[in-house]
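Enquirer: File follows, work_32.cif with mmCIF, C-alpha atoms:
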```
data_start
#
loop_
_atom_site.label_atom_id
_atom_site.label_comp_id
_atom_site.auth_asym_id
_atom_site.auth_seq_id
_atom_site.Cartn_x
_atom_site.Cartn_y
_atom_site.Cartn_z
CA MET R 1 -4.37 4.66 13.53
CA ASP R 2 -2.42 7.54 12.07
CA CYS R 3 -3.70 9.14 8.87
CA GLY R 4 -2.39 7.46 5.72
CA PHE R 5 -1.64 4.03 7.21
CA ARG R 6 -3.34 1.14 5.47
CA PHE R 7 -3.42 -2.62 5.77
CA ARG R 8 -1.01 -3.79 3.08
CA PRO R 9 0.33 -7.07 4.48
CA THR R 10 2.83 -9.28 2.72
CA GLU R 11 1.78 -12.85 2.02
CA GLU R 12 4.23 -14.01 4.66
CA GLU R 13 2.63 -11.73 7.27
CA LEU R 14 -0.82 -13.05 6.38
CA VAL R 15 0.20 -16.67 6.88
CA ASN R 16 2.93 -16.54 9.52
CA HIS R 17 1.38 -13.86 11.71
CA TYR R 18 -2.36 -13.64 11.18
CA LEU R 19 -3.40 -17.13 10.11
CA ARG R 20 -1.00 -18.87 12.50
CA LYS R 21 -2.10 -16.81 15.52
CA LYS R 22 -5.76 -17.19 14.63
CA LYS R 23 -5.38 -20.98 14.60
CA GLN R 24 -3.14 -21.23 17.66
CA ASP R 25 -4.28 -18.49 20.03
CA LYS R 26 -7.94 -18.48 21.09
CA ASP R 27 -7.55 -15.00 22.61
CA PHE R 28 -6.11 -13.42 19.48
CA LYS R 29 -8.51 -10.72 18.30
CA VAL R 30 -8.25 -10.26 14.56
CA ASP R 31 -11.81 -9.80 13.25
CA HIS R 32 -11.43 -6.01 13.14
CA ILE R 33 -8.47 -6.42 10.77
CA ILE R 34 -9.32 -9.61 8.87
CA PRO R 35 -12.95 -10.63 9.42
CA GLU R 36 -14.06 -14.21 8.95
CA ILE R 37 -16.86 -14.79 6.49
CA ASP R 38 -18.19 -17.75 4.55
CA ILE R 39 -17.64 -16.85 0.90
CA CYS R 40 -20.35 -19.31 -0.16
CA LYS R 41 -22.92 -17.19 1.67
CA TYR R 42 -22.17 -13.99 -0.27
CA GLU R 43 -22.04 -12.91 -3.87
CA PRO R 44 -18.78 -11.14 -4.77
CA TRP R 45 -20.52 -7.79 -5.36
CA ASP R 46 -21.84 -7.88 -1.78
CA LEU R 47 -18.40 -8.22 -0.20
CA PRO R 48 -17.29 -4.54 -0.26
CA GLY R 49 -20.42 -3.61 1.71
CA LEU R 50 -19.37 -5.91 4.57
CA PHE R 51 -16.37 -3.75 5.35
CA THR R 52 -17.26 -0.87 7.61
CA GLU R 53 -14.81 1.56 6.10
CA PRO R 54 -14.45 0.68 2.46
CA GLU R 55 -11.85 3.03 1.09
CA SER R 56 -12.83 2.01 -2.38
CA PRO R 57 -14.65 -0.99 -3.78
CA TYR R 58 -11.65 -1.65 -6.03
CA GLN R 59 -9.16 -1.90 -3.20
CA ASP R 60 -7.93 -5.22 -1.88
CA MET R 61 -10.03 -6.71 0.91
CA PHE R 62 -8.77 -9.37 3.29
CA PHE R 63 -10.85 -11.98 5.01
CA PHE R 64 -10.63 -15.53 6.25
CA SER R 65 -13.15 -18.05 4.99
CA PRO R 66 -13.59 -21.54 6.45
CA ARG R 67 -13.16 -24.28 3.93
CA ASP R 68 -16.30 -26.12 2.96
CA TYR R 69 -16.10 -29.55 1.34
CA LYS R 70 -18.35 -30.96 -1.35
CA TYR R 71 -18.60 -34.33 0.39
CA ILE R 72 -18.54 -34.82 4.14
CA ASN R 73 -16.48 -37.98 3.89
CA ASN R 74 -13.98 -36.73 1.31
CA ARG R 75 -11.77 -33.65 1.64
CA ALA R 76 -10.49 -33.79 -1.94
CA ARG R 77 -12.93 -31.22 -3.33
CA THR R 78 -13.72 -27.81 -1.92
CA ASN R 79 -17.20 -26.34 -2.25
CA ARG R 80 -17.15 -22.79 -3.58
CA VAL R 81 -20.72 -22.44 -4.82
CA THR R 82 -22.79 -19.35 -3.97
CA GLU R 83 -26.48 -18.76 -4.67
CA ARG R 84 -25.73 -16.95 -7.92
CA GLY R 85 -22.59 -18.63 -9.21
CA PHE R 86 -19.32 -20.24 -8.21
CA TRP R 87 -15.63 -19.53 -7.62
CA LYS R 88 -13.22 -21.44 -9.84
CA ILE R 89 -9.45 -21.77 -9.59
CA THR R 90 -7.64 -19.91 -12.33
CA GLY R 91 -3.97 -19.94 -13.23
CA LYS R 92 -1.19 -21.68 -11.40
CA GLU R 93 -1.00 -22.26 -7.69
CA ARG R 94 1.90 -20.35 -6.12
CA VAL R 95 3.98 -21.17 -3.07
CA ILE R 96 4.23 -18.57 -0.28
CA LYS R 97 7.74 -18.56 1.11
CA GLY R 98 8.76 -17.80 4.66
CA PRO R 99 12.26 -17.37 6.06
CA ARG R 100 12.71 -21.16 6.22
CA GLY R 101 10.88 -22.39 3.13
CA SER R 102 7.27 -22.89 2.08
CA ILE R 103 4.60 -21.72 4.53
CA GLY R 104 1.51 -21.81 2.35
CA ARG R 105 -0.07 -21.94 -1.05
CA LYS R 106 -1.86 -19.21 -2.93
CA LYS R 107 -4.71 -19.87 -5.31
CA THR R 108 -6.47 -17.31 -7.48
CA LEU R 109 -10.22 -17.75 -7.85
CA THR R 110 -12.46 -16.20 -10.48
CA PHE R 111 -16.21 -15.88 -10.00
CA TYR R 112 -18.54 -17.24 -12.65
CA GLU R 113 -22.15 -16.15 -12.58
CA ALA R 114 -24.53 -19.01 -13.30
CA GLY R 115 -27.49 -18.63 -15.65
CA PRO R 116 -31.08 -18.65 -14.34
CA ALA R 117 -31.50 -21.84 -12.27
CA GLY R 118 -33.07 -24.73 -14.19
CA HIS R 119 -33.48 -22.67 -17.32
CA SER R 120 -31.64 -25.06 -19.60
CA LEU R 121 -33.72 -27.99 -18.36
CA LEU R 122 -36.93 -26.16 -19.19
CA ALA R 123 -35.89 -25.03 -22.66
CA MET O 1 1.40 -0.50 14.92
CA ASP O 2 -0.30 -3.75 13.98
CA CYS O 3 1.54 -6.17 11.72
CA GLY O 4 0.96 -5.50 8.02
CA PHE O 5 0.02 -1.82 8.27
CA ARG O 6 2.15 0.51 6.17
CA PHE O 7 2.27 4.18 5.38
CA ARG O 8 0.51 4.46 2.03
CA PRO O 9 -1.00 7.95 2.10
CA THR O 10 -3.03 9.46 -0.69
CA GLU O 11 -1.75 12.72 -2.17
CA GLU O 12 -4.67 14.51 -0.55
CA GLU O 13 -3.71 13.13 2.88
CA LEU O 14 -0.11 14.26 2.40
CA VAL O 15 -1.12 17.84 1.60
CA ASN O 16 -4.35 18.36 3.54
CA HIS O 17 -3.36 16.50 6.68
CA TYR O 18 0.41 16.27 7.02
CA LEU O 19 1.74 19.35 5.24
CA ARG O 20 -1.05 21.60 6.48
CA LYS O 21 -0.68 20.54 10.11
CA LYS O 22 3.09 20.78 9.94
CA LYS O 23 2.83 24.39 8.74
CA GLN O 24 0.02 25.43 11.06
CA ASP O 25 0.56 23.54 14.30
CA LYS O 26 3.91 23.96 16.06
CA ASP O 27 3.10 21.05 18.40
CA PHE O 28 2.32 18.58 15.62
CA LYS O 29 4.84 15.75 15.80
CA VAL O 30 5.35 14.21 12.40
CA ASP O 31 9.10 13.53 12.04
CA HIS O 32 8.66 9.86 12.96
CA ILE O 33 6.28 9.45 10.01
CA ILE O 34 7.59 11.99 7.49
CA PRO O 35 11.04 13.27 8.46
CA GLU O 36 12.31 16.61 7.22
CA ILE O 37 15.58 16.56 5.34
CA ASP O 38 17.35 18.91 2.95
CA ILE O 39 17.56 16.97 -0.31
CA CYS O 40 20.49 19.14 -1.44
CA LYS O 41 22.58 17.72 1.41
CA TYR O 42 22.17 14.08 0.36
CA GLU O 43 22.78 12.02 -2.72
CA PRO O 44 19.74 9.94 -3.74
CA TRP O 45 21.48 6.63 -2.96
CA ASP O 46 22.03 7.78 0.63
CA LEU O 47 18.33 8.43 1.28
CA PRO O 48 17.17 4.85 2.06
CA GLY O 49 19.81 4.65 4.82
CA LEU O 50 18.23 7.63 6.61
CA PHE O 51 15.09 5.68 7.36
CA THR O 52 15.40 3.61 10.50
CA GLU O 53 13.26 0.74 9.29
CA PRO O 54 13.66 0.54 5.56
CA GLU O 55 11.36 -2.25 4.43
CA SER O 56 13.09 -2.24 1.09
CA PRO O 57 15.24 0.31 -0.69
CA TYR O 58 12.81 0.17 -3.62
CA GLN O 59 9.78 1.14 -1.57
CA ASP O 60 8.38 4.66 -1.58
CA MET O 61 9.89 6.97 1.02
CA PHE O 62 8.21 10.14 2.24
CA PHE O 63 9.96 13.22 3.52
CA PHE O 64 9.57 16.97 3.61
CA SER O 65 12.35 19.10 2.22
CA PRO O 66 12.55 22.87 2.69
CA ARG O 67 12.72 24.77 -0.56
CA ASP O 68 16.04 26.39 -1.33
CA TYR O 69 16.27 29.20 -3.87
CA LYS O 70 19.07 29.87 -6.32
CA TYR O 71 19.03 33.62 -5.62
CA ILE O 72 18.21 35.14 -2.25
CA ASN O 73 16.29 38.05 -3.80
CA ASN O 74 14.37 35.98 -6.37
CA ARG O 75 12.07 33.04 -5.66
CA ALA O 76 11.57 32.11 -9.30
CA ARG O 77 14.18 29.36 -9.37
CA THR O 78 14.60 26.51 -6.93
CA ASN O 79 18.02 25.14 -6.09
CA ARG O 80 18.16 21.35 -6.34
CA VAL O 81 21.91 20.81 -6.63
CA THR O 82 23.67 18.20 -4.52
CA GLU O 83 27.40 17.57 -4.22
CA ARG O 84 27.32 14.88 -6.90
CA GLY O 85 24.56 16.00 -9.25
CA PHE O 86 21.19 17.70 -9.47
CA TRP O 87 17.45 17.03 -9.48
CA LYS O 88 15.61 18.15 -12.60
CA ILE O 89 11.88 18.37 -13.22
CA THR O 90 10.65 15.74 -15.64
CA GLY O 91 7.25 15.36 -17.26
CA LYS O 92 4.18 17.45 -16.65
CA GLU O 93 3.22 19.06 -13.38
CA ARG O 94 0.03 17.59 -11.96
CA VAL O 95 -2.64 19.16 -9.77
CA ILE O 96 -3.52 17.46 -6.47
CA LYS O 97 -7.24 17.72 -5.90
CA GLY O 98 -9.01 17.97 -2.56
CA PRO O 99 -12.73 17.85 -1.87
CA ARG O 100 -13.11 21.49 -2.89
CA GLY O 101 -10.62 21.84 -5.77
CA SER O 102 -6.87 22.14 -6.15
CA ILE O 103 -4.80 21.83 -2.95
CA GLY O 104 -1.32 21.40 -4.37
CA ARG O 105 0.93 20.61 -7.26
CA LYS O 106 3.00 17.52 -7.87
CA LYS O 107 6.30 17.58 -9.71
CA THR O 108 8.41 14.58 -10.61
CA LEU O 109 12.17 15.05 -10.30
CA THR O 110 14.88 12.91 -11.85
CA PHE O 111 18.43 12.87 -10.54
CA TYR O 112 21.32 13.51 -12.92
CA GLU O 113 24.78 12.63 -11.79
CA ALA O 114 27.34 15.28 -12.76
CA GLY O 115 30.72 14.37 -14.22
CA PRO O 116 33.96 14.90 -12.22
CA ALA O 117 34.01 18.56 -11.09
CA GLY O 118 36.07 20.88 -13.30
CA HIS O 119 37.11 18.06 -15.60
CA SER O 120 35.87 19.69 -18.79
CA LEU O 121 37.68 22.93 -17.93
CA LEU O 122 40.97 21.09 -17.51
CA ALA O 123 40.69 19.08 -20.71
#
```
Could you show the structure in this file as structure tokens?
Expert:
Amino acid sequence: MDCGFRFRPTEEELVNHYLRKKKQDKDFKVDHIIPEIDICKYEPWDLPGLFTEPESPYQDMFFFSPRDYKYINNRARTNRVTERGFWKITGKERVIKGPRGSIGRKKTLTFYEAGPAGHSLLA
Amino acid sequence: MDCGFRFRPTEEELVNHYLRKKKQDKDFKVDHIIPEIDICKYEPWDLPGLFTEPESPYQDMFFFSPRDYKYINNRARTNRVTERGFWKITGKERVIKGPRGSIGRKKTLTFYEAGPAGHSLLA
């Protein structure tokens, strides 16, 4: 990679190129560009350390995360709980547009740190 | 080049890597990344068309331009006149810092379009 080039994909490239190929092509190697992690297994402050060459902890990071559901027999609710808190949807969902219409949806999640476990029950 | 990677160099990379190598190493090929043009020979609205793959005319473009002086025996004043106007320094000059102190200076130039040539003399 030449000096000064950085991964700054458009939303369309993320969905139409990377996500589509990852789902469709078993031989597509993408982990070195967009690794797959389970966000429920990490706290947000641990994420920058997972990237081998973090340019800066404040820079955008890109990863895929498999969706985990709260109930095995119901896909209505996604589980986004970590050991120390949870991710919650904030703001409005946006549509990602491709050349021929909608290709995906974009949600913004905010992390909320939970208080000490069980503390309120003990008080 | 993998999908989604774009040239987004830091100021330090531009000076310490690209400009330094261009000056020091005759075999360094860089025109495909940062072409060299004479800004006095182009109007600003013609610049996006010089780039073979303009992602968008509003995106940053990078090029080297040789310095041209107003007077051949005096390097105090730089010539930045084009056929249709001129580039003028605006705002404060900034220092570009490397790992061991200042490595360059950054000026911001604004283009001013000149009125019809000679018009005021004829009026």
Enquirer: Nearest to O:Gly98 among O:Val15, O:Val81, O:Ala76, O:Met1, with distances taken over all atoms listed in the file: which residue is it?
Expert: O:Val15
Enquirer: If you fit chain R onto chain O using every C-alpha atom, paired in order, what RMSD in Å do you get?
Expert: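 When all C-alpha atoms are superposed, the deviation is 0.1 Å.
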Enquirer: Using all atoms listed in the file and a distance of at most 10 Å, pull out the residues of chain O that contact chain R, as a list in words.
Expert: Met1, Asp2, Cys3, Gly4, Phe5, Arg6, Phe7, Arg8, Pro9, Thr10, Glu11, Glu12, Glu13, Leu14, His17, Tyr18 and Ile33 of chain O
Enquirer: Quick one, how far is atom CA of R:Leu47 from atom CA of R:Lys97?
Expert: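 Separating atom CA of R:Leu47 from atom CA of R:Lys97 is a distance of 28.1 Å.
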Enquirer: Here is a test: counting all atoms listed in the file, which residue of R:Lys26, R:Arg94, R:Lys41, R:His32 is nearest to R:Asn79?
Expert: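 Using all atoms listed in the file, the shortest distance to R:Asn79 belongs to R:Lys41.
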Enquirer: Might you pull out every residue within 10 Å of O:Arg67, with only C-alpha atoms counted and same-chain residues fewer than 3 positions away left off, and present them as a list of chain:residue names?
Expert: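 With the cut-off at 10 Å, the set is O:Asp38, O:Ile39, O:Cys40, O:Phe64, O:Lys70, O:Arg75, O:Thr78, O:Asn79, O:Arg80.
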Enquirer: Atoms are missing here; could stretch 19-38 of chain O be completed with N, CA, C and O atoms and written as a PDB file, in the coordinates of the input?
Expert:
```pdb
ATOM      1  N   LEU O  19       1.054  18.085   5.526  1.00  0.00           N
ATOM      2  CA  LEU O  19       1.740  19.350   5.240  1.00  0.00           C
ATOM      3  C   LEU O  19       1.031  20.522   5.922  1.00  0.00           C
ATOM      4  O   LEU O  19       1.658  21.390   6.522  1.00  0.00           O
ATOM      5  N   ARG O  20      -0.287  20.512   5.866  1.00  0.00           N
ATOM      6  CA  ARG O  20      -1.050  21.600   6.480  1.00  0.00           C
ATOM      7  C   ARG O  20      -0.815  21.676   7.987  1.00  0.00           C
ATOM      8  O   ARG O  20      -0.526  22.748   8.535  1.00  0.00           O
ATOM      9  N   LYS O  21      -0.890  20.530   8.649  1.00  0.00           N
ATOM     10  CA  LYS O  21      -0.680  20.540  10.110  1.00  0.00           C
ATOM     11  C   LYS O  21       0.749  20.920  10.472  1.00  0.00           C
ATOM     12  O   LYS O  21       0.990  21.613  11.456  1.00  0.00           O
ATOM     13  N   LYS O  22       1.683  20.453   9.673  1.00  0.00           N
ATOM     14  CA  LYS O  22       3.090  20.780   9.940  1.00  0.00           C
ATOM     15  C   LYS O  22       3.318  22.292   9.856  1.00  0.00           C
ATOM     16  O   LYS O  22       4.077  22.866  10.650  1.00  0.00           O
ATOM     17  N   LYS O  23       2.674  22.946   8.902  1.00  0.00           N
ATOM     18  CA  LYS O  23       2.830  24.390   8.740  1.00  0.00           C
ATOM     19  C   LYS O  23       2.070  25.172   9.815  1.00  0.00           C
ATOM     20  O   LYS O  23       2.496  26.242  10.237  1.00  0.00           O
ATOM     21  N   GLN O  24       0.910  24.639  10.220  1.00  0.00           N
ATOM     22  CA  GLN O  24       0.020  25.430  11.060  1.00  0.00           C
ATOM     23  C   GLN O  24       0.182  25.164  12.550  1.00  0.00           C
ATOM     24  O   GLN O  24      -0.074  26.032  13.377  1.00  0.00           O
ATOM     25  N   ASP O  25       0.575  23.929  12.889  1.00  0.00           N
ATOM     26  CA  ASP O  25       0.560  23.540  14.300  1.00  0.00           C
ATOM     27  C   ASP O  25       1.981  23.232  14.773  1.00  0.00           C
ATOM     28  O   ASP O  25       2.558  22.206  14.427  1.00  0.00           O
ATOM     29  N   LYS O  26       2.522  24.113  15.587  1.00  0.00           N
ATOM     30  CA  LYS O  26       3.910  23.960  16.060  1.00  0.00           C
ATOM     31  C   LYS O  26       4.089  22.694  16.898  1.00  0.00           C
ATOM     32  O   LYS O  26       5.187  22.170  17.021  1.00  0.00           O
ATOM     33  N   ASP O  27       3.004  22.211  17.523  1.00  0.00           N
ATOM     34  CA  ASP O  27       3.100  21.050  18.400  1.00  0.00           C
ATOM     35  C   ASP O  27       2.863  19.727  17.682  1.00  0.00           C
ATOM     36  O   ASP O  27       2.902  18.659  18.286  1.00  0.00           O
ATOM     37  N   PHE O  28       2.605  19.797  16.396  1.00  0.00           N
ATOM     38  CA  PHE O  28       2.320  18.580  15.620  1.00  0.00           C
ATOM     39  C   PHE O  28       3.616  17.804  15.404  1.00  0.00           C
ATOM     40  O   PHE O  28       4.559  18.295  14.804  1.00  0.00           O
ATOM     41  N   LYS O  29       3.654  16.605  15.942  1.00  0.00           N
ATOM     42  CA  LYS O  29       4.840  15.750  15.800  1.00  0.00           C
ATOM     43  C   LYS O  29       4.654  14.842  14.591  1.00  0.00           C
ATOM     44  O   LYS O  29       3.742  14.026  14.554  1.00  0.00           O
ATOM     45  N   VAL O  30       5.529  14.970  13.640  1.00  0.00           N
ATOM     46  CA  VAL O  30       5.350  14.210  12.400  1.00  0.00           C
ATOM     47  C   VAL O  30       6.670  13.605  11.904  1.00  0.00           C
ATOM     48  O   VAL O  30       6.675  12.769  11.010  1.00  0.00           O
ATOM     49  N   ASP O  31       7.787  13.984  12.539  1.00  0.00           N
ATOM     50  CA  ASP O  31       9.100  13.530  12.040  1.00  0.00           C
ATOM     51  C   ASP O  31       9.263  12.006  12.050  1.00  0.00           C
ATOM     52  O   ASP O  31      10.051  11.469  11.276  1.00  0.00           O
ATOM     53  N   HIS O  32       8.539  11.316  12.918  1.00  0.00           N
ATOM     54  CA  HIS O  32       8.660   9.860  12.960  1.00  0.00           C
ATOM     55  C   HIS O  32       7.904   9.199  11.801  1.00  0.00           C
ATOM     56  O   HIS O  32       8.099   8.033  11.502  1.00  0.00           O
ATOM     57  N   ILE O  33       7.018   9.984  11.164  1.00  0.00           N
ATOM     58  CA  ILE O  33       6.280   9.450  10.010  1.00  0.00           C
ATOM     59  C   ILE O  33       6.851  10.017   8.711  1.00  0.00           C
ATOM     60  O   ILE O  33       7.151   9.281   7.775  1.00  0.00           O
ATOM     61  N   ILE O  34       6.994  11.334   8.654  1.00  0.00           N
ATOM     62  CA  ILE O  34       7.590  11.990   7.490  1.00  0.00           C
ATOM     63  C   ILE O  34       8.701  12.899   7.992  1.00  0.00           C
ATOM     64  O   ILE O  34       8.448  14.038   8.401  1.00  0.00           O
ATOM     65  N   PRO O  35       9.948  12.427   7.982  1.00  0.00           N
ATOM     66  CA  PRO O  35      11.040  13.270   8.460  1.00  0.00           C
ATOM     67  C   PRO O  35      11.305  14.437   7.513  1.00  0.00           C
ATOM     68  O   PRO O  35      10.918  14.402   6.344  1.00  0.00           O
ATOM     69  N   GLU O  36      11.937  15.467   8.066  1.00  0.00           N
ATOM     70  CA  GLU O  36      12.310  16.610   7.220  1.00  0.00           C
ATOM     71  C   GLU O  36      13.804  16.551   6.952  1.00  0.00           C
ATOM     72  O   GLU O  36      14.609  16.482   7.887  1.00  0.00           O
ATOM     73  N   ILE O  37      14.165  16.552   5.702  1.00  0.00           N
ATOM     74  CA  ILE O  37      15.580  16.560   5.340  1.00  0.00           C
ATOM     75  C   ILE O  37      15.785  17.590   4.225  1.00  0.00           C
ATOM     76  O   ILE O  37      14.832  17.991   3.564  1.00  0.00           O
ATOM     77  N   ASP O  38      17.022  18.004   4.056  1.00  0.00           N
ATOM     78  CA  ASP O  38      17.350  18.910   2.950  1.00  0.00           C
ATOM     79  C   ASP O  38      17.896  18.044   1.821  1.00  0.00           C
ATOM     80  O   ASP O  38      18.999  17.495   1.925  1.00  0.00           O
TER      81      ASP O  38
END
```
